[in-house]
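Dropping query_24.cif in here (mmCIF, C-alpha atoms):
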```
data_query
#
loop_
_atom_site.label_atom_id
_atom_site.label_comp_id
_atom_site.auth_asym_id
_atom_site.auth_seq_id
_atom_site.Cartn_x
_atom_site.Cartn_y
_atom_site.Cartn_z
CA MET A 1 76.72 8.84 -87.09
CA SER A 2 77.18 6.19 -89.80
CA ASP A 3 76.83 2.47 -89.20
CA VAL A 4 79.68 1.87 -91.66
CA LYS A 5 82.82 0.56 -89.95
CA PRO A 6 85.89 2.73 -90.53
CA ILE A 7 87.98 -0.45 -90.92
CA PRO A 8 86.03 -3.02 -92.94
CA ASP A 9 85.66 -6.58 -91.72
CA GLY A 10 88.33 -8.88 -93.08
CA TYR A 11 90.96 -6.18 -93.52
CA PRO A 12 93.96 -5.62 -91.24
CA VAL A 13 94.81 -2.05 -90.33
CA VAL A 14 97.91 -2.12 -92.59
CA SER A 15 97.87 -3.78 -96.02
CA PRO A 16 100.88 -3.31 -98.30
CA GLY A 17 100.21 -2.45 -101.93
CA LEU A 18 102.73 -3.69 -104.49
CA ALA A 19 103.12 -2.36 -108.02
CA ILE A 20 104.30 -5.26 -110.17
CA ASP A 21 105.01 -5.10 -113.88
CA GLY A 22 103.58 -8.52 -114.70
CA ALA A 23 101.14 -8.77 -111.80
CA ALA A 24 99.35 -11.86 -113.17
CA ALA A 25 102.58 -13.89 -113.12
CA ALA A 26 103.47 -12.51 -109.68
CA ILE A 27 100.10 -13.64 -108.32
CA ASP A 28 100.89 -17.18 -109.46
CA PHE A 29 104.39 -16.92 -107.91
CA TYR A 30 103.00 -15.80 -104.53
CA LYS A 31 100.38 -18.55 -104.56
CA HIS A 32 103.11 -21.12 -105.30
CA VAL A 33 105.75 -19.85 -102.87
CA PHE A 34 103.62 -18.65 -99.95
CA GLY A 35 100.39 -20.57 -100.42
CA ALA A 36 98.59 -17.23 -100.79
CA SER A 37 94.96 -17.31 -101.85
CA GLU A 38 93.31 -14.85 -104.18
CA ARG A 39 90.47 -12.93 -102.57
CA MET A 40 89.56 -10.69 -105.48
CA ARG A 41 90.86 -9.49 -108.83
CA ILE A 42 89.88 -6.50 -110.96
CA PRO A 43 91.16 -6.81 -114.51
CA GLY A 44 92.60 -3.78 -116.24
CA PRO A 45 93.10 -3.01 -119.91
CA ASP A 46 95.37 -5.10 -122.14
CA GLY A 47 95.40 -8.12 -119.83
CA LYS A 48 96.81 -6.11 -116.93
CA ILE A 49 95.67 -6.37 -113.32
CA ALA A 50 94.16 -3.13 -111.96
CA HIS A 51 93.82 -4.52 -108.43
CA CYS A 52 94.18 -7.88 -106.71
CA GLU A 53 93.98 -8.86 -103.07
CA LEU A 54 95.91 -11.88 -101.86
CA MET A 55 95.51 -13.49 -98.46
CA PHE A 56 98.70 -14.55 -96.72
CA GLY A 57 97.16 -16.30 -93.72
CA ASP A 58 95.25 -13.51 -91.98
CA SER A 59 97.12 -10.74 -93.82
CA VAL A 60 96.21 -8.97 -97.04
CA ILE A 61 98.61 -7.80 -99.72
CA MET A 62 97.13 -5.69 -102.49
CA LEU A 63 98.84 -5.59 -105.85
CA GLY A 64 98.45 -4.65 -109.45
CA ASP A 65 100.32 -3.67 -112.53
CA PRO A 66 101.98 -0.24 -112.31
CA ALA A 67 99.83 2.84 -112.84
CA PRO A 68 102.30 5.65 -113.57
CA ASP A 69 99.51 8.24 -113.86
CA MET A 70 98.73 7.50 -110.19
CA GLU A 71 102.45 7.31 -109.26
CA PHE A 72 102.00 3.59 -108.49
CA LEU A 73 105.44 2.46 -109.66
CA ASP A 74 107.24 -0.87 -109.49
CA PRO A 75 110.73 -1.35 -107.99
CA LYS A 76 112.47 -1.77 -111.32
CA THR A 77 111.10 1.57 -112.54
CA VAL A 78 112.41 3.45 -109.50
CA GLY A 79 115.77 1.66 -109.22
CA GLY A 80 114.96 -0.94 -106.54
CA THR A 81 113.10 -1.06 -103.27
CA PRO A 82 114.08 -0.14 -99.71
CA VAL A 83 111.15 -2.23 -98.41
CA ASN A 84 111.37 -5.80 -97.14
CA LEU A 85 108.24 -7.85 -96.53
CA MET A 86 108.43 -10.41 -93.69
CA VAL A 87 106.30 -13.54 -94.01
CA TYR A 88 106.02 -16.39 -91.50
CA VAL A 89 105.46 -19.75 -93.19
CA ASP A 90 105.09 -23.31 -91.93
CA ASP A 91 108.13 -24.52 -93.89
CA VAL A 92 110.75 -21.85 -94.49
CA ASP A 93 113.10 -24.21 -96.32
CA GLY A 94 110.35 -25.30 -98.72
CA ALA A 95 109.10 -21.77 -99.37
CA PHE A 96 112.63 -20.48 -99.94
CA ALA A 97 113.46 -23.34 -102.32
CA ALA A 98 110.20 -22.75 -104.20
CA ALA A 99 111.02 -19.04 -104.56
CA ILE A 100 114.54 -19.66 -105.84
CA GLY A 101 113.26 -22.39 -108.15
CA ALA A 102 110.68 -19.97 -109.57
CA GLY A 103 113.26 -17.30 -110.40
CA ALA A 104 113.88 -15.36 -107.17
CA ARG A 105 117.41 -14.19 -106.31
CA GLU A 106 118.85 -15.20 -102.95
CA ILE A 107 119.80 -12.28 -100.73
CA THR A 108 120.44 -14.10 -97.43
CA PRO A 109 120.65 -17.88 -97.18
CA ILE A 110 118.41 -19.82 -94.80
CA ALA A 111 119.86 -19.93 -91.27
CA ASP A 112 118.75 -20.33 -87.67
CA GLN A 113 118.68 -16.95 -85.88
CA PHE A 114 119.51 -16.13 -82.26
CA TYR A 115 115.97 -14.86 -81.63
CA GLY A 116 114.33 -18.21 -82.41
CA ASP A 117 113.42 -17.98 -86.10
CA ARG A 118 114.86 -19.79 -89.10
CA THR A 119 114.99 -17.21 -91.90
CA GLY A 120 116.19 -16.45 -95.40
CA ALA A 121 115.69 -13.52 -97.75
CA PHE A 122 115.18 -13.23 -101.49
CA GLU A 123 114.23 -10.76 -104.19
CA ASP A 124 111.36 -11.92 -106.37
CA PRO A 125 111.57 -11.64 -110.17
CA TRP A 126 109.74 -8.27 -110.05
CA GLY A 127 112.14 -6.59 -107.60
CA HIS A 128 110.26 -6.99 -104.30
CA ARG A 129 112.28 -8.23 -101.31
CA TRP A 130 110.99 -10.84 -98.91
CA THR A 131 112.20 -12.47 -95.71
CA VAL A 132 110.61 -15.84 -95.01
CA ALA A 133 110.70 -17.32 -91.54
CA THR A 134 109.54 -20.22 -89.44
CA HIS A 135 109.57 -19.82 -85.68
CA ILE A 136 111.59 -22.73 -84.30
CA GLU A 137 112.32 -21.78 -80.68
CA ASP A 138 110.77 -19.63 -77.97
CA VAL A 139 113.59 -17.51 -76.54
CA SER A 140 113.18 -15.73 -73.21
CA PRO A 141 114.18 -12.05 -73.00
CA ASP A 142 117.15 -12.95 -70.76
CA GLU A 143 118.36 -15.64 -73.16
CA MET A 144 117.92 -13.31 -76.14
CA ASP A 145 119.97 -10.63 -74.37
CA LYS A 146 122.70 -13.19 -73.63
CA ARG A 147 122.74 -14.40 -77.24
CA MET A 148 122.83 -10.84 -78.59
CA LYS A 149 125.84 -10.05 -76.41
CA GLU A 150 127.59 -13.22 -77.57
CA LEU A 151 126.82 -12.49 -81.21
CA PHE A 152 127.43 -8.75 -81.31
CA GLY A 153 129.76 -8.30 -78.34
CA SER A 154 129.10 -6.25 -75.25
CA GLN A 155 128.29 -2.63 -76.11
CA GLY A 156 128.72 -1.47 -72.51
#
```
For this file, produce the structure as structure tokens.
Amino acid sequence: MSDVKPIPDGYPVVSPGLAIDGAAAAIDFYKHVFGASERMRIPGPDGKIAHCELMFGDSVIMLGDPAPDMEFLDPKTVGGTPVNLMVYVDDVDGAFAAAIGAGAREITPIADQFYGDRTGAFEDPWGHRWTVATHIEDVSPDEMDKRMKELFGSQG
């Protein structure tokens, strides 16, 4: 049996991979908006990014410019994305404002949610959708149930 770990140290079990037409600019955007740090970058031809790994706290997002020959396509090529990435940040209002100021499109304005998070959603300039959140209140299961019923009405 091999001594090689099936899941390498420093990698979560799930790491999204984003195809971004203009990956170098997107890397700068994610560093600015989320405070992400660059772990590694593999340059591709013509100034493109073949592969980059960004750390979002203890999470990894892999990204690079599209590679159509590998069917690694960006949202704008395929008509949008059904995927939303959720990111907890220390300051949701600041991160959201930074995203909008850097060219993102607001999807859902910042608001306090019944489950104890303050959230907002945006689409970045490359077509990827993000929800940013800061946890502002611990809500017990009973209180969450009560709030859900008040918000959505009793389904019984």
#### Entry: Matched chain/residue IDs from the PyMOL selection byres ((chain A and resi 16) around 12), as a VMD selection string
chain A and resid 11 to 15 17 to 19 52 to 56 59 to 64 83 to 86 128
When the PyMOL selection byres ((chain A and resi 26) around 12) is applied to the file above, which residues end up in the set, as a PDB file with C-alpha atoms, in the frame of the given file?
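Saved as selection_10.pdb:
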```pdb
ATOM      1  CA  LEU A  18     102.730  -3.690-104.490  1.00  0.00           C
ATOM      2  CA  ALA A  19     103.120  -2.360-108.020  1.00  0.00           C
ATOM      3  CA  ILE A  20     104.300  -5.260-110.170  1.00  0.00           C
ATOM      4  CA  ASP A  21     105.010  -5.100-113.880  1.00  0.00           C
ATOM      5  CA  GLY A  22     103.580  -8.520-114.700  1.00  0.00           C
ATOM      6  CA  ALA A  23     101.140  -8.770-111.800  1.00  0.00           C
ATOM      7  CA  ALA A  24      99.350 -11.860-113.170  1.00  0.00           C
ATOM      8  CA  ALA A  25     102.580 -13.890-113.120  1.00  0.00           C
ATOM      9  CA  ILE A  27     100.100 -13.640-108.320  1.00  0.00           C
ATOM     10  CA  ASP A  28     100.890 -17.180-109.460  1.00  0.00           C
ATOM     11  CA  PHE A  29     104.390 -16.920-107.910  1.00  0.00           C
ATOM     12  CA  TYR A  30     103.000 -15.800-104.530  1.00  0.00           C
ATOM     13  CA  LYS A  31     100.380 -18.550-104.560  1.00  0.00           C
ATOM     14  CA  HIS A  32     103.110 -21.120-105.300  1.00  0.00           C
ATOM     15  CA  VAL A  33     105.750 -19.850-102.870  1.00  0.00           C
ATOM     16  CA  PHE A  34     103.620 -18.650 -99.950  1.00  0.00           C
ATOM     17  CA  ALA A  36      98.590 -17.230-100.790  1.00  0.00           C
ATOM     18  CA  GLU A  38      93.310 -14.850-104.180  1.00  0.00           C
ATOM     19  CA  LYS A  48      96.810  -6.110-116.930  1.00  0.00           C
ATOM     20  CA  ILE A  49      95.670  -6.370-113.320  1.00  0.00           C
ATOM     21  CA  CYS A  52      94.180  -7.880-106.710  1.00  0.00           C
ATOM     22  CA  LEU A  54      95.910 -11.880-101.860  1.00  0.00           C
ATOM     23  CA  MET A  62      97.130  -5.690-102.490  1.00  0.00           C
ATOM     24  CA  LEU A  63      98.840  -5.590-105.850  1.00  0.00           C
ATOM     25  CA  GLY A  64      98.450  -4.650-109.450  1.00  0.00           C
ATOM     26  CA  ASP A  65     100.320  -3.670-112.530  1.00  0.00           C
ATOM     27  CA  ALA A  99     111.020 -19.040-104.560  1.00  0.00           C
ATOM     28  CA  ALA A 102     110.680 -19.970-109.570  1.00  0.00           C
ATOM     29  CA  GLY A 103     113.260 -17.300-110.400  1.00  0.00           C
ATOM     30  CA  ALA A 104     113.880 -15.360-107.170  1.00  0.00           C
ATOM     31  CA  ASP A 124     111.360 -11.920-106.370  1.00  0.00           C
ATOM     32  CA  PRO A 125     111.570 -11.640-110.170  1.00  0.00           C
ATOM     33  CA  TRP A 126     109.740  -8.270-110.050  1.00  0.00           C
ATOM     34  CA  GLY A 127     112.140  -6.590-107.600  1.00  0.00           C
ATOM     35  CA  HIS A 128     110.260  -6.990-104.300  1.00  0.00           C
TER      36      HIS A 128
END
```
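Between A:Met144 and the residues A:Tyr88, A:Phe96, A:Trp130, A:Phe114, the shortest atom-to-atom distance, using all atoms listed in the file, involves A:Phe114.
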### Message
Is it possible to get the residues within 10 Å of (120.7, -17.2, -95.7) (coordinates as in the file, counting only C-alpha atoms) written as JSON, numbers by chain?
### Response
{"A": [96, 106, 107, 108, 109, 110, 111, 112, 118, 119, 120, 121, 122, 131]}
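Here atom CA of A:Gly94 is placed at a distance of 11.2 Å from atom CA of A:Gly35.
The coordinates place atom CA of A:Ile7 at 15.0 Å from atom CA of A:Asp58.
The residue that comes closest to A:Val92, out of A:Gln113, A:Thr77, A:Ser37, A:Thr134 and on the basis of all atoms listed in the file, is A:Thr134.
A straight line drawn from atom CA of A:Asp46 to atom CA of A:Gly101 is 28.5 Å long.
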Quick one: 4 Å padding each side, axis-aligned, all listed atoms of stretch 101-111 of chain A - centre and edge lengths in Å to one decimal, as lines of an AutoDock Vina configuration file?
```
center_x = 115.7
center_y = -17.3
center_z = -100.8
size_x = 18.0
size_y = 18.1
size_z = 27.1
```
### Using only C-alpha atoms: which of A:Gly57, A:Gly116, A:Pro43, A:Pro75 has the shortest distance to A:Arg147
A:Gly116
Keeping N, CA and C atoms, write stretch 109-121 of chain A of the structure just shown out as an mmCIF file, in the first residue's frame.
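Produced file result-v9.cif, reproduced below:
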```
data_model
loop_
_atom_site.group_PDB
_atom_site.id
_atom_site.type_symbol
_atom_site.label_atom_id
_atom_site.label_comp_id
_atom_site.auth_asym_id
_atom_site.auth_seq_id
_atom_site.Cartn_x
_atom_site.Cartn_y
_atom_site.Cartn_z
ATOM 1 N N PRO A 109 -29.650 42.640 -2.676
ATOM 2 C CA PRO A 109 -28.998 43.606 -1.792
ATOM 3 C C PRO A 109 -28.685 42.997 -0.423
ATOM 4 N N ILE A 110 -27.759 43.627 0.264
ATOM 5 C CA ILE A 110 -27.392 43.198 1.623
ATOM 6 C C ILE A 110 -28.607 43.323 2.537
ATOM 7 N N ALA A 111 -28.855 42.284 3.342
ATOM 8 C CA ALA A 111 -29.957 42.310 4.305
ATOM 9 C C ALA A 111 -29.693 41.277 5.401
ATOM 10 N N ASP A 112 -30.240 41.552 6.574
ATOM 11 C CA ASP A 112 -30.194 40.588 7.669
ATOM 12 C C ASP A 112 -31.198 39.477 7.378
ATOM 13 N N GLN A 113 -30.790 38.220 7.603
ATOM 14 C CA GLN A 113 -31.629 37.067 7.304
ATOM 15 C C GLN A 113 -32.144 36.417 8.594
ATOM 16 N N PHE A 114 -33.267 35.750 8.494
ATOM 17 C CA PHE A 114 -33.901 35.142 9.661
ATOM 18 C C PHE A 114 -33.033 34.085 10.330
ATOM 19 N N TYR A 115 -32.108 33.506 9.618
ATOM 20 C CA TYR A 115 -31.289 32.412 10.140
ATOM 21 C C TYR A 115 -29.996 32.905 10.800
ATOM 22 N N GLY A 116 -29.808 34.240 10.875
ATOM 23 C CA GLY A 116 -28.691 34.776 11.628
ATOM 24 C C GLY A 116 -27.514 35.280 10.816
ATOM 25 N N ASP A 117 -27.642 35.326 9.506
ATOM 26 C CA ASP A 117 -26.582 35.861 8.658
ATOM 27 C C ASP A 117 -27.031 37.179 8.039
ATOM 28 N N ARG A 118 -26.086 38.025 7.740
ATOM 29 C CA ARG A 118 -26.311 39.221 6.922
ATOM 30 C C ARG A 118 -25.696 38.891 5.576
ATOM 31 N N THR A 119 -26.498 38.932 4.505
ATOM 32 C CA THR A 119 -26.042 38.447 3.203
ATOM 33 C C THR A 119 -26.393 39.401 2.065
ATOM 34 N N GLY A 120 -25.718 39.207 0.965
ATOM 35 C CA GLY A 120 -26.018 39.866 -0.298
ATOM 36 C C GLY A 120 -25.423 39.012 -1.406
ATOM 37 N N ALA A 121 -25.926 39.179 -2.610
ATOM 38 C CA ALA A 121 -25.435 38.364 -3.727
ATOM 39 C C ALA A 121 -25.108 39.262 -4.918
#
```
